[in-house]
Amino acid sequence: MEQVVFRPAKLLVTVVGKNNGHLVLAASKRGGARGGTKAAGRSFLGGGGEEEAEALLTLMLDEADGVVREVLRAGLEDPEHVRGLALVLDAAAMVRPGGGTKNAEGAPERAEGESMNSGNILITCIITHGQADEIMSVARQAGARGGTILNARGTGTEDDVKFFGISLAPEKEMLLIVAQSDQAQALVESVCRLPIFSEPGGGIVFTTPVEEFFYLGR
């Protein structure tokens, strides 16, 4: 039996306007990425109004520096369309068919852009469809500057429902909020006081440290 090889990786999450995700994908491929996963949703970036958005999730190995460099460059060269935000998360263990890529010789320098290392936390809420707007409103009152709502779908089966004794709604929403580390706990506490999180199967909230956070098109 072939051995499964786990490799440390990075996850690049990029949020841009509707129909512009392909520009980020093209840039990431120029940097060495093999592909990505695109999701549609709504965004409340920079404290402005709601707008339709696309999120692109790209797993990266040794090509991470090149991918980030090219995505940053795309934002600088086409700020009208490649406008939004991007963040890099640590994916502790990833399996890629074929055993992954060879180690790159030297890390390419990244393009100039507005960026910051660490100091940020990604708050992820997975809730029943239709609940994200209320959570976003509460998060804003607690200091959140913006967020992104993605459409999702639960994977619970009828057996799961019987086993846990709860009702699982298949249609979900995923709310992503980037917060400064010193604000994250207050935001999470405010959100989790909502009645939805006191109901069985109502939703979950988890946080992830952000290695890098930068705006695109600014």
# chains A, B, ... in the order shown; residues from 1 in each chain; ligands from 1
>>> residues_around(residues="A:Arg34", least_positions_apart="2", cutoff="9 Å", atoms="only C-alpha atoms", output="PyMOL selection string")
chain A and resi 28-29+32+36+58-60
>>> residues_around(residues="A:Asn19", least_positions_apart="3", cutoff="9 Å", atoms="only C-alpha atoms", output="list in words")
Val16, His22, Leu23, Ala53 and Glu54 of chain A
>>> closest_atom_pairs(of="stretch 15-95 of chain A", to="stretch 176-185 of chain A", cutoff="10 Å", atoms="only C-alpha atoms", output="JSON lines")
{"residue": "A:Ser43", "atom": "CA", "partner": "A:Leu176", "partner_atom": "CA", "distance": 9.3}
{"residue": "A:Phe44", "atom": "CA", "partner": "A:Ile177", "partner_atom": "CA", "distance": 9.6}
{"residue": "A:Leu45", "atom": "CA", "partner": "A:Ile177", "partner_atom": "CA", "distance": 9.7}
{"residue": "A:Leu85", "atom": "CA", "partner": "A:Val178", "partner_atom": "CA", "distance": 9.9}
{"residue": "A:Leu87", "atom": "CA", "partner": "A:Val178", "partner_atom": "CA", "distance": 8.9}
>>> atom_distance(atom1="atom CA of A:Glu70", atom2="atom CA of A:Leu56")
14.3 Å
>>> closest_residue(among="A:Arg30, A:Arg83, A:Lys38, A:Lys18", to="A:Glu52", atoms="only C-alpha atoms")
A:Lys18
>>> residues_around(residues="A:Lys10", least_positions_apart="5", cutoff="9 Å", atoms="only C-alpha atoms", output="ChimeraX atom specification")
/A:58-61,64,88-92,94
>>> write_last_selection(atoms="N, CA and C atoms", output="PDB file, in the first residue's frame")
ATOM      1  N   THR A  58      -6.748  28.768  -2.024  1.00  0.00           N
ATOM      2  CA  THR A  58      -5.628  28.173  -2.738  1.00  0.00           C
ATOM      3  C   THR A  58      -4.656  27.540  -1.752  1.00  0.00           C
ATOM      4  N   LEU A  59      -4.459  26.238  -1.855  1.00  0.00           N
ATOM      5  CA  LEU A  59      -3.474  25.547  -1.026  1.00  0.00           C
ATOM      6  C   LEU A  59      -2.113  25.637  -1.702  1.00  0.00           C
ATOM      7  N   MET A  60      -1.085  25.932  -0.910  1.00  0.00           N
ATOM      8  CA  MET A  60       0.242  26.171  -1.473  1.00  0.00           C
ATOM      9  C   MET A  60       1.300  25.401  -0.686  1.00  0.00           C
ATOM     10  N   LEU A  61       2.302  24.910  -1.407  1.00  0.00           N
ATOM     11  CA  LEU A  61       3.455  24.287  -0.767  1.00  0.00           C
ATOM     12  C   LEU A  61       4.651  25.226  -0.935  1.00  0.00           C
ATOM     13  N   ALA A  64       4.397  28.974  -2.311  1.00  0.00           N
ATOM     14  CA  ALA A  64       3.616  29.982  -1.585  1.00  0.00           C
ATOM     15  C   ALA A  64       4.104  31.401  -1.835  1.00  0.00           C
ATOM     16  N   VAL A  88      -3.186  34.746   4.621  1.00  0.00           N
ATOM     17  CA  VAL A  88      -2.479  33.473   4.572  1.00  0.00           C
ATOM     18  C   VAL A  88      -2.630  32.766   5.909  1.00  0.00           C
ATOM     19  N   LEU A  89      -3.092  31.515   5.846  1.00  0.00           N
ATOM     20  CA  LEU A  89      -3.263  30.697   7.044  1.00  0.00           C
ATOM     21  C   LEU A  89      -2.332  29.497   6.983  1.00  0.00           C
ATOM     22  N   ASP A  90      -2.018  28.953   8.141  1.00  0.00           N
ATOM     23  CA  ASP A  90      -1.172  27.765   8.208  1.00  0.00           C
ATOM     24  C   ASP A  90      -2.036  26.522   8.081  1.00  0.00           C
ATOM     25  N   ALA A  91      -1.753  25.692   7.083  1.00  0.00           N
ATOM     26  CA  ALA A  91      -2.421  24.391   6.928  1.00  0.00           C
ATOM     27  C   ALA A  91      -1.412  23.341   7.381  1.00  0.00           C
ATOM     28  N   ALA A  92      -1.538  22.901   8.605  1.00  0.00           N
ATOM     29  CA  ALA A  92      -0.502  22.084   9.243  1.00  0.00           C
ATOM     30  C   ALA A  92      -0.178  20.817   8.473  1.00  0.00           C
ATOM     31  N   MET A  94      -1.171  18.723   4.743  1.00  0.00           N
ATOM     32  CA  MET A  94      -1.909  18.633   3.501  1.00  0.00           C
ATOM     33  C   MET A  94      -1.441  17.424   2.723  1.00  0.00           C
TER      34      MET A  94
END
>>> closest_residue(among="A:Leu122, A:Ala9, A:Glu134, A:Gly147", to="A:Glu63", atoms="only C-alpha atoms")
A:Ala9
>>> closest_residue(among="A:Ala86, A:Ala39, A:Val191, A:Ile196", to="A:Met174", atoms="only C-alpha atoms")
A:Ala39
>>> select_by_dssp(residues="stretch 25-97 of chain A", states="strand (DSSP E or B)", output="list in words")
Thr37, Lys38, Ala39, Ala40, Gly41, Arg42, Ser43, Phe44, Glu51, Glu52, Ala53, Glu54, Ala55, Leu56, Leu57, Thr58, Leu59, Met60, Gly84, Leu85, Ala86, Leu87, Val88, Leu89, Asp90, Ala91, Ala92, Ala93 and Met94 of chain A
>>> write_last_selection(atoms="C-alpha atoms", output="short mmCIF file (atom, residue, chain, number, x, y, z; two decimals), in the first residue's frame")
data_model
loop_
_atom_site.label_atom_id
_atom_site.label_comp_id
_atom_site.auth_asym_id
_atom_site.auth_seq_id
_atom_site.Cartn_x
_atom_site.Cartn_y
_atom_site.Cartn_z
CA THR A 37 -11.56 26.46 -4.96
CA LYS A 38 -13.99 29.30 -5.65
CA ALA A 39 -17.07 30.14 -3.58
CA ALA A 40 -19.73 32.82 -4.09
CA GLY A 41 -21.11 35.06 -1.40
CA ARG A 42 -21.43 38.62 -0.10
CA SER A 43 -18.87 40.92 1.41
CA PHE A 44 -18.87 43.90 3.80
CA GLU A 51 -21.60 43.72 -2.34
CA GLU A 52 -21.53 40.40 -4.14
CA ALA A 53 -18.17 38.69 -3.82
CA GLU A 54 -16.11 35.66 -4.71
CA ALA A 55 -13.65 33.89 -2.45
CA LEU A 56 -10.79 31.82 -3.78
CA LEU A 57 -9.09 29.23 -1.55
CA THR A 58 -5.63 28.17 -2.74
CA LEU A 59 -3.47 25.55 -1.03
CA MET A 60 0.24 26.17 -1.47
CA GLY A 84 -10.51 43.13 -1.76
CA LEU A 85 -8.39 41.35 0.79
CA ALA A 86 -6.23 38.28 1.14
CA LEU A 87 -4.87 36.35 4.08
CA VAL A 88 -2.48 33.47 4.57
CA LEU A 89 -3.26 30.70 7.04
CA ASP A 90 -1.17 27.76 8.21
CA ALA A 91 -2.42 24.39 6.93
CA ALA A 92 -0.50 22.08 9.24
CA ALA A 93 -0.92 18.94 7.14
CA MET A 94 -1.91 18.63 3.50
#
